[in-house]
Structure formats: C-alpha cells, structure tokens
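K.L.:
Okay, so here is my_file_14.pdb, and as you'll see once you scroll down, it has PDB, C-alpha atoms and all ligand atoms.
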ATOM      1  CA  MET F  80      25.541  10.807 -14.704
ATOM      2  CA  SER F  81      26.899   9.590 -11.333
ATOM      3  CA  ASP F  82      26.403  12.793  -9.308
ATOM      4  CA  LYS F  83      25.932  11.790  -5.697
ATOM      5  CA  LEU F  84      22.389  12.255  -4.483
ATOM      6  CA  ALA F  85      21.101  13.744  -1.248
ATOM      7  CA  PRO F  86      20.192  11.227   1.489
ATOM      8  CA  GLY F  87      16.679   9.798   1.282
ATOM      9  CA  LEU F  88      14.535   7.182  -0.389
ATOM     10  CA  TYR F  89      14.248   7.132  -4.189
ATOM     11  CA  ILE F  90      11.450   5.058  -5.750
ATOM     12  CA  VAL F  91      12.678   4.172  -9.238
ATOM     13  CA  ALA F  92      10.409   2.711 -11.938
ATOM     14  CA  THR F  93      12.193   0.317 -14.314
ATOM     15  CA  PRO F  94      11.207  -1.170 -17.711
ATOM     16  CA  ILE F  95       8.518  -3.864 -18.005
ATOM     17  CA  GLY F  96      10.254  -5.605 -20.889
ATOM     18  CA  ASN F  97      12.151  -3.145 -23.041
ATOM     19  CA  LEU F  98      15.348  -1.853 -21.429
ATOM     20  CA  SER F  99      15.197   1.278 -23.592
ATOM     21  CA  ASP F 100      12.203   2.358 -21.527
ATOM     22  CA  LEU F 101      14.452   3.186 -18.568
ATOM     23  CA  SER F 102      14.280   6.976 -18.324
ATOM     24  CA  PRO F 103      17.470   9.065 -18.242
ATOM     25  CA  ARG F 104      16.447  10.323 -14.793
ATOM     26  CA  ALA F 105      15.959   6.767 -13.532
ATOM     27  CA  ALA F 106      19.408   5.813 -14.865
ATOM     28  CA  ALA F 107      21.020   8.872 -13.256
ATOM     29  CA  THR F 108      19.316   8.089  -9.953
ATOM     30  CA  LEU F 109      20.487   4.460  -9.948
ATOM     31  CA  ALA F 110      24.009   5.683 -10.738
ATOM     32  CA  GLY F 111      23.923   8.285  -7.961
ATOM     33  CA  VAL F 112      22.546   6.363  -4.963
ATOM     34  CA  ASP F 113      24.659   4.661  -2.282
ATOM     35  CA  LEU F 114      22.516   1.532  -2.200
ATOM     36  CA  ILE F 115      19.774  -0.068  -4.291
ATOM     37  CA  ALA F 116      17.115  -2.165  -2.509
ATOM     38  CA  VAL F 117      16.118  -4.861  -5.012
ATOM     39  CA  GLU F 118      13.665  -7.728  -5.377
ATOM     40  CA  ASP F 119      16.127  -9.949  -7.220
ATOM     41  CA  SER F 120      19.752  -8.848  -7.596
ATOM     42  CA  ARG F 121      20.194 -10.882 -10.824
ATOM     43  CA  VAL F 122      17.393  -8.952 -12.525
ATOM     44  CA  THR F 123      18.634  -5.551 -11.366
ATOM     45  CA  ALA F 124      22.260  -6.460 -12.187
ATOM     46  CA  LYS F 125      21.180  -6.937 -15.812
ATOM     47  CA  LEU F 126      19.595  -3.484 -15.845
ATOM     48  CA  LEU F 127      22.677  -1.906 -14.255
ATOM     49  CA  ARG F 128      24.952  -3.609 -16.823
ATOM     50  CA  HIS F 129      22.766  -2.141 -19.566
ATOM     51  CA  ILE F 130      23.500   1.391 -18.312
ATOM     52  CA  GLY F 131      27.114   0.660 -17.333
ATOM     53  CA  VAL F 132      26.570   1.249 -13.623
ATOM     54  CA  LYS F 133      27.778  -0.698 -10.592
ATOM     55  CA  ARG F 134      26.148  -0.004  -7.232
ATOM     56  CA  PRO F 135      25.780  -2.040  -4.045
ATOM     57  CA  MET F 136      22.461  -3.908  -3.837
ATOM     58  CA  ALA F 137      20.476  -5.193  -0.853
ATOM     59  CA  PRO F 138      17.567  -7.636  -1.148
ATOM     60  CA  TYR F 139      14.141  -6.250  -0.210
ATOM     61  CA  HIS F 140      11.281  -8.635  -0.933
ATOM     62  CA  ASP F 141       8.163 -10.133   0.657
ATOM     63  CA  HIS F 142      10.161 -12.684   2.672
ATOM     64  CA  ASN F 143      12.717 -10.378   4.331
ATOM     65  CA  ALA F 144      11.074  -6.936   4.203
ATOM     66  CA  ASP F 145       9.997  -6.770   7.871
ATOM     67  CA  ALA F 146      13.465  -7.790   9.055
ATOM     68  CA  VAL F 147      15.535  -5.465   6.855
ATOM     69  CA  ARG F 148      13.254  -2.410   6.742
ATOM     70  CA  PRO F 149      14.476  -0.719   9.958
ATOM     71  CA  GLY F 150      18.120  -1.009   8.856
ATOM     72  CA  LEU F 151      17.354   0.413   5.418
ATOM     73  CA  ILE F 152      15.438   3.347   6.904
ATOM     74  CA  ALA F 153      18.288   4.035   9.341
ATOM     75  CA  ARG F 154      20.722   4.220   6.412
ATOM     76  CA  MET F 155      18.484   6.708   4.569
ATOM     77  CA  ALA F 156      19.272   9.344   7.217
ATOM     78  CA  SER F 157      22.783   9.690   5.806
ATOM     79  CA  GLU F 158      22.682   7.840   2.458
ATOM     80  CA  ALA F 159      20.664   7.836  -0.760
ATOM     81  CA  VAL F 160      18.776   4.532  -1.071
ATOM     82  CA  ALA F 161      16.851   3.538  -4.207
ATOM     83  CA  LEU F 162      14.027   1.004  -4.295
ATOM     84  CA  VAL F 163      13.422  -0.921  -7.517
ATOM     85  CA  SER F 164      11.316  -3.968  -8.306
ATOM     86  CA  ASP F 165      12.069  -6.565 -10.974
ATOM     87  CA  ALA F 166       9.944  -4.668 -13.471
ATOM     88  CA  GLY F 167       7.774  -1.587 -13.546
ATOM     89  CA  THR F 168       6.799   0.704 -10.720
ATOM     90  CA  PRO F 169       7.689  -0.392  -7.180
ATOM     91  CA  LEU F 170       4.703  -0.656  -4.772
ATOM     92  CA  ILE F 171       2.294  -1.613  -7.593
ATOM     93  CA  SER F 172       1.658  -5.328  -6.856
ATOM     94  CA  ASP F 173       5.220  -5.207  -5.515
ATOM     95  CA  PRO F 174       6.804  -4.504  -2.123
ATOM     96  CA  GLY F 175       7.489  -0.971  -0.956
ATOM     97  CA  TYR F 176       4.591   0.859   0.642
ATOM     98  CA  LYS F 177       5.695   0.015   4.175
ATOM     99  CA  LEU F 178       9.185   1.255   3.330
ATOM    100  CA  VAL F 179       7.739   4.564   2.128
ATOM    101  CA  ARG F 180       5.503   4.801   5.203
ATOM    102  CA  GLY F 181       8.418   4.027   7.531
ATOM    103  CA  ALA F 182      10.686   6.508   5.764
ATOM    104  CA  ARG F 183       8.053   9.240   6.040
ATOM    105  CA  ALA F 184       7.522   8.477   9.728
ATOM    106  CA  ALA F 185      11.284   8.871  10.241
ATOM    107  CA  GLY F 186      11.298  12.254   8.478
ATOM    108  CA  ILE F 187      13.226  10.911   5.469
ATOM    109  CA  ALA F 188      12.774  12.656   2.112
ATOM    110  CA  VAL F 189      10.947  10.437  -0.396
ATOM    111  CA  THR F 190      11.368  11.050  -4.138
ATOM    112  CA  THR F 191       9.735   9.118  -6.963
ATOM    113  CA  ILE F 192      11.125   8.651 -10.446
ATOM    114  CA  PRO F 193       7.960   7.710 -12.379
ATOM    115  CA  GLY F 194       8.038   5.355 -15.323
ATOM    116  CA  PRO F 195       6.634   2.119 -16.764
ATOM    117  CA  CYS F 196       3.703   0.365 -15.113
ATOM    118  CA  ALA F 197       2.001  -2.617 -16.769
ATOM    119  CA  ALA F 198      -1.478  -1.594 -15.566
ATOM    120  CA  ILE F 199      -1.229   1.870 -17.115
ATOM    121  CA  ALA F 200       0.402   0.538 -20.289
ATOM    122  CA  ALA F 201      -2.465  -1.968 -20.702
ATOM    123  CA  LEU F 202      -5.052   0.787 -20.256
ATOM    124  CA  THR F 203      -3.405   2.676 -23.115
ATOM    125  CA  LEU F 204      -3.744  -0.401 -25.356
ATOM    126  CA  ALA F 205      -7.225  -1.686 -24.478
ATOM    127  CA  GLY F 206      -9.407   0.965 -26.098
ATOM    128  CA  LEU F 207     -11.719   0.909 -23.079
ATOM    129  CA  PRO F 208     -12.792   3.893 -20.965
ATOM    130  CA  THR F 209      -9.940   5.333 -18.912
ATOM    131  CA  ASP F 210     -11.702   8.210 -17.141
ATOM    132  CA  ARG F 211     -12.389   5.961 -14.154
ATOM    133  CA  PHE F 212     -10.620   2.695 -13.483
ATOM    134  CA  ALA F 213      -9.923   0.416 -10.554
ATOM    135  CA  PHE F 214      -6.726  -1.591 -10.223
ATOM    136  CA  LEU F 215      -7.297  -4.961  -8.576
ATOM    137  CA  GLY F 216      -3.868  -6.542  -9.080
ATOM    138  CA  PHE F 217      -3.833 -10.341  -8.856
ATOM    139  CA  LEU F 218      -7.188 -11.927  -7.952
ATOM    140  CA  PRO F 219      -7.111 -14.534  -5.167
ATOM    141  CA  THR F 220      -6.303 -18.039  -6.426
ATOM    142  CA  LYS F 221      -9.005 -19.807  -4.383
ATOM    143  CA  ALA F 222     -12.346 -19.894  -6.256
ATOM    144  CA  LYS F 223     -14.558 -18.607  -3.427
ATOM    145  CA  ALA F 224     -12.253 -15.687  -2.538
ATOM    146  CA  ARG F 225     -11.907 -14.838  -6.241
ATOM    147  CA  GLU F 226     -15.699 -14.844  -6.684
ATOM    148  CA  THR F 227     -16.080 -12.498  -3.704
ATOM    149  CA  ALA F 228     -13.418 -10.109  -5.019
ATOM    150  CA  ILE F 229     -15.111 -10.028  -8.435
ATOM    151  CA  ALA F 230     -18.559  -9.480  -6.864
ATOM    152  CA  GLU F 231     -17.153  -6.507  -4.918
ATOM    153  CA  ALA F 232     -15.761  -5.014  -8.136
ATOM    154  CA  ALA F 233     -18.945  -5.638 -10.147
ATOM    155  CA  THR F 234     -20.720  -2.458  -9.092
ATOM    156  CA  PHE F 235     -17.802  -0.146  -9.900
ATOM    157  CA  ARG F 236     -18.776   2.031 -12.871
ATOM    158  CA  GLY F 237     -15.407   2.162 -14.559
ATOM    159  CA  SER F 238     -12.848  -0.138 -16.150
ATOM    160  CA  LEU F 239     -11.233  -2.883 -14.074
ATOM    161  CA  VAL F 240      -7.556  -3.821 -14.363
ATOM    162  CA  PHE F 241      -6.158  -7.198 -13.266
ATOM    163  CA  TYR F 242      -2.698  -8.780 -13.369
ATOM    164  CA  GLU F 243      -2.580 -12.417 -14.432
ATOM    165  CA  SER F 244      -0.320 -15.201 -15.647
ATOM    166  CA  GLY F 245      -0.749 -17.495 -18.674
ATOM    167  CA  PRO F 246      -1.664 -20.687 -16.794
ATOM    168  CA  ARG F 247      -4.495 -18.966 -14.894
ATOM    169  CA  LEU F 248      -5.825 -16.761 -17.704
ATOM    170  CA  ALA F 249      -8.629 -19.055 -18.940
ATOM    171  CA  ALA F 250     -10.026 -19.695 -15.437
ATOM    172  CA  THR F 251      -9.845 -16.011 -14.547
ATOM    173  CA  LEU F 252     -11.611 -14.906 -17.739
ATOM    174  CA  ALA F 253     -14.381 -17.454 -17.082
ATOM    175  CA  ALA F 254     -14.748 -16.219 -13.490
ATOM    176  CA  LEU F 255     -14.895 -12.598 -14.701
ATOM    177  CA  LYS F 256     -17.605 -13.439 -17.230
ATOM    178  CA  ALA F 257     -19.638 -15.297 -14.598
ATOM    179  CA  GLY F 258     -19.332 -12.483 -12.059
ATOM    180  CA  LEU F 259     -19.483  -9.379 -14.268
ATOM    181  CA  GLY F 260     -21.612 -10.428 -17.225
ATOM    182  CA  ASP F 261     -20.396 -10.312 -20.820
ATOM    183  CA  ARG F 262     -18.528  -7.004 -20.869
ATOM    184  CA  GLU F 263     -15.994  -5.705 -23.388
ATOM    185  CA  ALA F 264     -12.445  -6.584 -22.360
ATOM    186  CA  ALA F 265      -8.822  -6.795 -23.465
ATOM    187  CA  VAL F 266      -5.945  -9.150 -22.775
ATOM    188  CA  ALA F 267      -2.600  -7.340 -23.101
ATOM    189  CA  ARG F 268       0.375  -9.688 -23.139
ATOM    190  CA  GLU F 269       4.149  -9.169 -23.136
ATOM    191  CA  ILE F 270       3.809  -5.386 -23.372
ATOM    192  CA  SER F 271       6.926  -3.715 -24.823
ATOM    193  CA  LYS F 272       8.506  -7.129 -25.554
ATOM    194  CA  ARG F 273       9.105  -8.990 -28.812
ATOM    195  CA  PHE F 274       5.844 -10.959 -28.744
ATOM    196  CA  GLU F 275       3.614  -8.138 -27.530
ATOM    197  CA  GLU F 276      -0.048  -8.766 -28.334
ATOM    198  CA  THR F 277      -3.345  -7.202 -27.321
ATOM    199  CA  VAL F 278      -6.555  -9.139 -27.994
ATOM    200  CA  THR F 279      -9.863  -7.337 -27.536
ATOM    201  CA  GLY F 280     -13.417  -8.658 -27.516
ATOM    202  CA  SER F 281     -16.279  -9.553 -25.231
ATOM    203  CA  LEU F 282     -15.433 -11.651 -22.183
ATOM    204  CA  ALA F 283     -17.323 -14.546 -23.855
ATOM    205  CA  GLU F 284     -15.112 -14.229 -26.949
ATOM    206  CA  LEU F 285     -11.956 -14.070 -24.856
ATOM    207  CA  VAL F 286     -13.047 -17.071 -22.766
ATOM    208  CA  ALA F 287     -13.551 -19.047 -26.000
ATOM    209  CA  ARG F 288     -10.254 -17.890 -27.477
ATOM    210  CA  TYR F 289      -8.122 -18.836 -24.481
ATOM    211  CA  ALA F 290     -10.056 -21.926 -23.295
ATOM    212  CA  ASP F 291      -7.622 -24.365 -24.947
ATOM    213  CA  ALA F 292      -4.792 -22.021 -25.855
ATOM    214  CA  GLN F 293      -2.782 -21.079 -22.812
ATOM    215  CA  PRO F 294      -0.696 -18.029 -23.710
ATOM    216  CA  LYS F 295       2.893 -17.519 -22.597
ATOM    217  CA  GLY F 296       4.252 -14.520 -20.759
ATOM    218  CA  GLU F 297       2.983 -11.710 -18.581
ATOM    219  CA  ILE F 298      -0.595 -10.543 -18.856
ATOM    220  CA  VAL F 299      -2.884  -7.663 -17.927
ATOM    221  CA  ILE F 300      -6.664  -8.033 -18.266
ATOM    222  CA  VAL F 301      -8.731  -4.877 -18.685
ATOM    223  CA  VAL F 302     -12.524  -5.160 -18.394
ATOM    224  CA  GLY F 303     -14.773  -2.317 -19.464
ATOM    225  CA  PRO F 304     -17.477  -0.749 -17.256
ATOM    226  CA  PRO F 305     -20.973  -2.229 -16.998
ATOM    227  CA  SER F 306     -23.137  -0.875 -19.816
ATOM    228  CA  GLU F 307     -25.701   1.739 -18.832
ATOM    229  CA  ALA F 308     -28.450  -0.509 -20.189
ATOM    230  CA  GLY F 309     -27.288  -3.360 -17.985
ATOM    231  CA  PRO F 310     -25.531  -6.542 -18.995
ATOM    232  CA  ALA F 311     -25.982  -7.658 -22.591
ATOM    233  CA  ALA F 312     -26.244 -11.400 -22.217
ATOM    234  CA  GLY F 313     -29.560 -12.462 -20.728
ATOM    235  CA  THR F 314     -28.221 -15.937 -20.054
ATOM    236  CA  ASP F 315     -25.642 -14.565 -17.603
ATOM    237  CA  VAL F 316     -28.388 -12.724 -15.738
ATOM    238  CA  ASP F 317     -30.572 -15.816 -15.711
ATOM    239  CA  ALA F 318     -27.733 -17.966 -14.439
ATOM    240  CA  ALA F 319     -26.899 -15.462 -11.705
ATOM    241  CA  LEU F 320     -30.594 -15.106 -10.776
ATOM    242  CA  ALA F 321     -31.145 -18.863 -10.738
ATOM    243  CA  GLU F 322     -28.185 -19.267  -8.405
ATOM    244  CA  ALA F 323     -29.334 -16.423  -6.137
ATOM    245  CA  LEU F 324     -32.892 -17.857  -6.022
ATOM    246  CA  THR F 325     -31.513 -21.054  -4.491
ATOM    247  CA  ARG F 326     -30.497 -18.967  -1.465
ATOM    248  CA  LEU F 327     -32.786 -15.944  -1.367
ATOM    249  CA  PRO F 328     -36.405 -14.861  -1.919
ATOM    250  CA  PRO F 329     -37.064 -13.159  -5.344
ATOM    251  CA  ALA F 330     -36.781  -9.540  -4.164
ATOM    252  CA  LYS F 331     -33.487 -10.118  -2.377
ATOM    253  CA  ALA F 332     -32.123 -12.257  -5.228
ATOM    254  CA  ALA F 333     -33.008  -9.489  -7.726
ATOM    255  CA  GLY F 334     -31.350  -6.867  -5.505
ATOM    256  CA  GLU F 335     -28.150  -8.864  -5.117
ATOM    257  CA  VAL F 336     -27.793  -9.674  -8.826
ATOM    258  CA  ALA F 337     -28.705  -6.111  -9.870
ATOM    259  CA  LYS F 338     -25.932  -4.763  -7.659
ATOM    260  CA  ARG F 339     -23.407  -7.311  -8.851
ATOM    261  CA  LEU F 340     -24.095  -7.043 -12.594
ATOM    262  CA  GLY F 341     -25.055  -3.383 -12.703
ATOM    263  CA  ALA F 342     -28.532  -4.316 -14.012
ATOM    264  CA  ASP F 343     -31.995  -2.888 -13.363
ATOM    265  CA  ARG F 344     -33.404  -4.257 -10.070
ATOM    266  CA  LYS F 345     -37.089  -3.987 -11.025
ATOM    267  CA  ALA F 346     -36.551  -5.814 -14.329
ATOM    268  CA  LEU F 347     -34.653  -8.515 -12.500
ATOM    269  CA  TYR F 348     -37.462  -8.877  -9.938
ATOM    270  CA  VAL F 349     -39.965  -9.438 -12.763
ATOM    271  CA  ARG F 350     -37.623 -12.008 -14.324
ATOM    272  CA  ALA F 351     -37.088 -13.689 -10.928
ATOM    273  CA  MET F 352     -40.851 -14.036 -10.481
ATOM    274  CA  GLU F 353     -41.132 -15.542 -13.977
ATOM    275  CA  MET F 354     -38.388 -18.017 -13.174
ATOM    276  CA  LYS F 355     -40.031 -18.938  -9.871
ATOM    277  CA  GLY F 356     -43.459 -19.408 -11.390
TER     278      GLY F 356
HETATM  279  N1  LIG L 401       5.228  -3.343 -10.443
HETATM  280  C1  LIG L 401       4.860  -3.875 -11.738
HETATM  281  C2  LIG L 401       4.177  -2.782 -12.559
HETATM  282  O1  LIG L 401       4.416  -1.605 -12.318
HETATM  283  O2  LIG L 401       3.433  -3.102 -13.472
HETATM  284  C3  LIG L 401       3.996  -5.111 -11.601
HETATM  285  C4  LIG L 401       4.634  -6.225 -10.832
HETATM  286  S1  LIG L 401       3.632  -7.654 -10.706
HETATM  287  C5  LIG L 401       4.565  -8.611  -9.569
HETATM  288  C6  LIG L 401       3.953  -8.492 -12.205
HETATM  289  C7  LIG L 401       2.715  -8.566 -13.102
HETATM  290  O3  LIG L 401       2.600  -7.364 -13.866
HETATM  291  C8  LIG L 401       2.774  -9.679 -14.139
HETATM  292  O4  LIG L 401       2.355 -10.923 -13.608
HETATM  293  C9  LIG L 401       1.812  -9.177 -15.184
HETATM  294  O5  LIG L 401       0.477  -9.390 -14.781
HETATM  295  C10 LIG L 401       2.104  -7.670 -15.136
HETATM  296  N2  LIG L 401       3.165  -7.345 -16.114
HETATM  297  C11 LIG L 401       4.433  -6.992 -15.858
HETATM  298  N3  LIG L 401       5.095  -6.767 -17.010
HETATM  299  C12 LIG L 401       4.226  -6.972 -18.013
HETATM  300  C13 LIG L 401       4.299  -6.907 -19.435
HETATM  301  N4  LIG L 401       5.433  -6.578 -20.040
HETATM  302  N5  LIG L 401       3.193  -7.186 -20.152
HETATM  303  C14 LIG L 401       2.043  -7.516 -19.550
HETATM  304  N6  LIG L 401       1.910  -7.608 -18.207
HETATM  305  C15 LIG L 401       2.991  -7.331 -17.462
END
What does this structure look like when you write it as structure tokens?
Ligand code: SAM

P.N.:
Amino acid sequence: MSDKLAPGLYIVATPIGNLSDLSPRAAATLAGVDLIAVEDSRVTAKLLRHIGVKRPMAPYHDHNADAVRPGLIARMASEAVALVSDAGTPLISDPGYKLVRGARAAGIAVTTIPGPCAAIAALTLAGLPTDRFAFLGFLPTKAKARETAIAEAATFRGSLVFYESGPRLAATLAALKAGLGDREAAVAREISKRFEETVTGSLAELVARYADAQPKGEIVIVVGPPSEAGPAAGTDVDAALAEALTRLPPAKAAGEVAKRLGADRKALYVRAMEMKG
C-alpha cells in the first residue's frame, strides 16, 4: 500500500461525500507520495485518517497558488507530489491547471488517478441527454454577467451543467429560465451523501419548487438541450422579444432571440411584427 512512487505530479480524485468512493489506486497513491498539495489540510487529514495514512501536506489554494507553485514544481523533479482538492476531481472548478501546465513545461511526469466528479455524477442522475454537454461551473454572481454567460450558453445544442449552492439556487434557476426558455432540467443535491436527492422537471417547475424552499447542501444543476421545435413556452419568447424590441428593430430582435433560445428566426420575426403592430 505505501510503495514509494516515482517523482512527478499525481492528480488524485477524492470522494464528493462518501469516503468509500476513494479508489484503491487513489489510496495507494496518497500513501506513496512524499507530499500532498491540499486545499484545506483539515479536510484531507480526515480522508487520510480514514485510510490510515499519514503524509506531509502543503497548502495549495487560490490565495497562495502563484507563490508556492514554483517550489512545488521544483520538488517534483526528485519527489512524488500529489494534488487533491477538498472533494472530487482537482482542476474541475478547483485549483490545479496551472500546476499541471507548469509541471509539463518543466518536463515533470504527470499522472492522473481518475475518480468522483460532481458534474459527471449529476449527469448520470439527471436523465437528460449526455452525448453532448457543456460544463459551466459556477455562474457569475452579478446579474448582468450571469445573464451574459447564460446567453452565450443558450445556443449550445447539448445539456448544460452548473455548480451552485443552496442560497443562490432559486435566483439561478429563475435566471436560467429567463435566458434559456422552459427546458427540462434536474437539481442534484448532496450526491453520495445521506440526504442525496435529485429533483427533475421543467425549469418553470423547479423555479416554483425552490422559490420559497432554500435547500441545504451542495448542488449541481443540469439543463437539457433546446428542443428541436424551439422553446415550449411562448410567454418566454414573448418576454425575450419584447425586451429585445426595446433595443433593436424587429429583424435584429428576432435574430438575437432566435440565437439565444434556439428558436426559429422567421417565426420570431413574424411574432415581432405582430407585437410591434
Ligand atoms: N472538483 C469538484 C468536482 O470534481 O466535482 C468540484 C469542486 S467545486 C469547488 C464544489 C461544487 O461542486 C459544489 O458547490 C457543488 O456545486 C458541487 N458538488 C460537490 N460535491 C457535491 C455533491 N456531493 N453533490 C452535489 N454537488 C456537489
């Protein structure tokens, strides 16, 4: 179990809630490295206690990464260094890609030990298309930036995956419905933990469900692709068109909304002219 590993960088995925999800290879890697770069040593210490391992840890997080990265990469030339995050796969809405890039630039061997990732786990629960999906992580907190990010994602013809927290869930669902139309979606909460729950429905149904019921815990939102026939709820299209018509002539307003909601541009132009007249 504690065979010493060759020098290099080891990216180790850890559980997202259920310690039994740590793979045997991940455990052996954590036991065999000289140093573990961690987000929070208290969280990783708990994991190491679970597998009966003691290894030196060094903090590596958003606030110190630039300062400590060169030293960590220098050590990788002669030592095995693991990178873990508090939960799940490092680099996925977590620090690490610059460490991997720096290690590669320095000719260091990089090995990954794949494992849990909340985005992928949520996709397996949602019952929405998985052949094409885009991961958008956490949306911006400011309304305008969030609206822009959603508008950019609106034309993607696959499922969309977002990370979110309980306090912001209701506002985010409402923003998704306004920007994407009333698509099918899922809210996956506390995956692999005691109070795991996945709620599916249209975005309108999910908005209504969570409007006054802020859920606890960690959350992934999955939104299905735009329907081939265009968005189902005419009111969303009308609202988007009405807003666009305050800024743009009918043809341009129809073009913008068609792109954003994945709807038919000609039909929207006709509707825009009706609304104008
Ligand atoms: N690197 C992690 C991964 O591979 O999923 C993600 C880290 S990100 C900082 C943390 C976010 O992931 C949470 O706010 C939540 O959106 C999502 N998440 C993590 N664990 C989760 C769980 N057990 N159930 C649902 N969402 C989870």

K.L.:
Please report, as JSON lines, each residue of chain F lying at most 7 Å from ligand LIG 401 (chain L), together with the nearest pair of atoms and the separation in Å rounded to one decimal; use all atoms listed in the file, and order rows by chain and ascending residue number.

P.N.:
{"residue": "F:Ile95", "atom": "CA", "partner": "L:LIG401", "partner_atom": "N4", "distance": 4.6}
{"residue": "F:Gly96", "atom": "CA", "partner": "L:LIG401", "partner_atom": "N4", "distance": 5.0}
{"residue": "F:Ser164", "atom": "CA", "partner": "L:LIG401", "partner_atom": "N1", "distance": 6.5}
{"residue": "F:Ala166", "atom": "CA", "partner": "L:LIG401", "partner_atom": "C1", "distance": 5.4}
{"residue": "F:Gly167", "atom": "CA", "partner": "L:LIG401", "partner_atom": "O1", "distance": 3.6}
{"residue": "F:Thr168", "atom": "CA", "partner": "L:LIG401", "partner_atom": "O1", "distance": 3.7}
{"residue": "F:Pro169", "atom": "CA", "partner": "L:LIG401", "partner_atom": "N1", "distance": 5.0}
{"residue": "F:Leu170", "atom": "CA", "partner": "L:LIG401", "partner_atom": "N1", "distance": 6.3}
{"residue": "F:Ile171", "atom": "CA", "partner": "L:LIG401", "partner_atom": "N1", "distance": 4.4}
{"residue": "F:Ser172", "atom": "CA", "partner": "L:LIG401", "partner_atom": "S1", "distance": 4.9}
{"residue": "F:Asp173", "atom": "CA", "partner": "L:LIG401", "partner_atom": "N1", "distance": 5.3}
{"residue": "F:Pro195", "atom": "CA", "partner": "L:LIG401", "partner_atom": "O1", "distance": 6.2}
{"residue": "F:Cys196", "atom": "CA", "partner": "L:LIG401", "partner_atom": "O1", "distance": 3.5}
{"residue": "F:Ala197", "atom": "CA", "partner": "L:LIG401", "partner_atom": "O2", "distance": 3.6}
{"residue": "F:Ala198", "atom": "CA", "partner": "L:LIG401", "partner_atom": "O2", "distance": 5.5}
{"residue": "F:Tyr242", "atom": "CA", "partner": "L:LIG401", "partner_atom": "O5", "distance": 3.5}
{"residue": "F:Glu243", "atom": "CA", "partner": "L:LIG401", "partner_atom": "O5", "distance": 4.3}
{"residue": "F:Ser244", "atom": "CA", "partner": "L:LIG401", "partner_atom": "O4", "distance": 5.4}
{"residue": "F:Ala267", "atom": "CA", "partner": "L:LIG401", "partner_atom": "C14", "distance": 5.8}
{"residue": "F:Arg268", "atom": "CA", "partner": "L:LIG401", "partner_atom": "C14", "distance": 4.5}
{"residue": "F:Glu269", "atom": "CA", "partner": "L:LIG401", "partner_atom": "N5", "distance": 3.7}
{"residue": "F:Ile270", "atom": "CA", "partner": "L:LIG401", "partner_atom": "N5", "distance": 3.7}
{"residue": "F:Ser271", "atom": "CA", "partner": "L:LIG401", "partner_atom": "N4", "distance": 5.8}
{"residue": "F:Lys272", "atom": "CA", "partner": "L:LIG401", "partner_atom": "N4", "distance": 6.3}
{"residue": "F:Glu297", "atom": "CA", "partner": "L:LIG401", "partner_atom": "N6", "distance": 4.3}
{"residue": "F:Ile298", "atom": "CA", "partner": "L:LIG401", "partner_atom": "N6", "distance": 3.9}
{"residue": "F:Val299", "atom": "CA", "partner": "L:LIG401", "partner_atom": "N6", "distance": 4.8}

K.L.:
Let me make sure I understand: among F:Asp315, F:Glu275, F:Asp141, F:Glu353, which one has the smallest atom-to-atom distance to F:Ala200 if we use all atoms listed in the file?

P.N.:
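Using all atoms listed in the file, the shortest distance to F:Ala200 belongs to F:Glu275.
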
K.L.:
Could you work out how far atom CA of F:Lys133 lies from atom CA of F:Ala159, giving the answer in Å with one decimal?

P.N.:
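Atom CA of F:Ala159 sits 14.8 Å away from atom CA of F:Lys133.
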
K.L.:
Tell me which of F:Val302, F:Ala184, F:Asp113, F:Lys355 sits closest to F:Leu327, counting only C-alpha atoms.

P.N.:
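Among the listed residues, the smallest separation from F:Leu327 belongs to F:Lys355.
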
K.L.:
Excluding F:Ile229 and any residue of its chain fewer than 2 positions from it, enumerate the residues within 9 Å of it, using only C-alpha atoms, and give them as a PyMOL selection string.

P.N.:
chain F and resi 218+224-227+231-233+254-255+258-259+339

K.L.:
Which value, in Å to one decimal, gives the distance between atom CA of F:Lys223 and atom CA of F:Val316?

P.N.:
19.4 Å

K.L.:
Leaving out F:Arg350 and any residue of its chain fewer than 2 positions from it, which residues lie within 10 Å of it when counting all atoms listed in the file, given as a PDB file with C-alpha atoms, keeping the file's coordinate frame?

P.N.:
ATOM      1  CA  VAL F 316     -28.388 -12.724 -15.738  1.00  0.00           C
ATOM      2  CA  ASP F 317     -30.572 -15.816 -15.711  1.00  0.00           C
ATOM      3  CA  LEU F 320     -30.594 -15.106 -10.776  1.00  0.00           C
ATOM      4  CA  PRO F 329     -37.064 -13.159  -5.344  1.00  0.00           C
ATOM      5  CA  ALA F 333     -33.008  -9.489  -7.726  1.00  0.00           C
ATOM      6  CA  ARG F 344     -33.404  -4.257 -10.070  1.00  0.00           C
ATOM      7  CA  LYS F 345     -37.089  -3.987 -11.025  1.00  0.00           C
ATOM      8  CA  ALA F 346     -36.551  -5.814 -14.329  1.00  0.00           C
ATOM      9  CA  LEU F 347     -34.653  -8.515 -12.500  1.00  0.00           C
ATOM     10  CA  TYR F 348     -37.462  -8.877  -9.938  1.00  0.00           C
ATOM     11  CA  MET F 352     -40.851 -14.036 -10.481  1.00  0.00           C
ATOM     12  CA  GLU F 353     -41.132 -15.542 -13.977  1.00  0.00           C
ATOM     13  CA  MET F 354     -38.388 -18.017 -13.174  1.00  0.00           C
ATOM     14  CA  LYS F 355     -40.031 -18.938  -9.871  1.00  0.00           C
ATOM     15  CA  GLY F 356     -43.459 -19.408 -11.390  1.00  0.00           C
TER      16      GLY F 356
END

K.L.:
May I have the residues at most 12 Å from (-14.2, 4.6, -11.9) in the file's coordinates, counting only C-alpha atoms, as a ChimeraX atom specification?

P.N.:
/F:208-214,232-240,302-305

K.L.:
Nearest residue to F:Leu340 out of F:His140, F:Lys125, F:Arg288, F:Lys256, using all atoms listed in the file?

P.N.:
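Closest to F:Leu340, using all atoms listed in the file: F:Lys256.
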
K.L.:
Between atom CA of F:Leu88 and atom CA of F:Ile187, what distance in Å does the model show, to one decimal?

P.N.:
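Rounded to one decimal, the two atoms are 7.1 Å apart.
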
K.L.:
Please check which residues have atoms at most 9 Å from (12.1, 11.3, 5.0) in the file's coordinates, counting only C-alpha atoms, and write them as a list in words.

P.N.:
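Taken together, the residues in range are Pro86, Gly87, Leu88, Ile152, Met155, Ala156, Val179, Gly181, Ala182, Arg183, Ala184, Ala185, Gly186, Ile187, Ala188 and Val189 of chain F.
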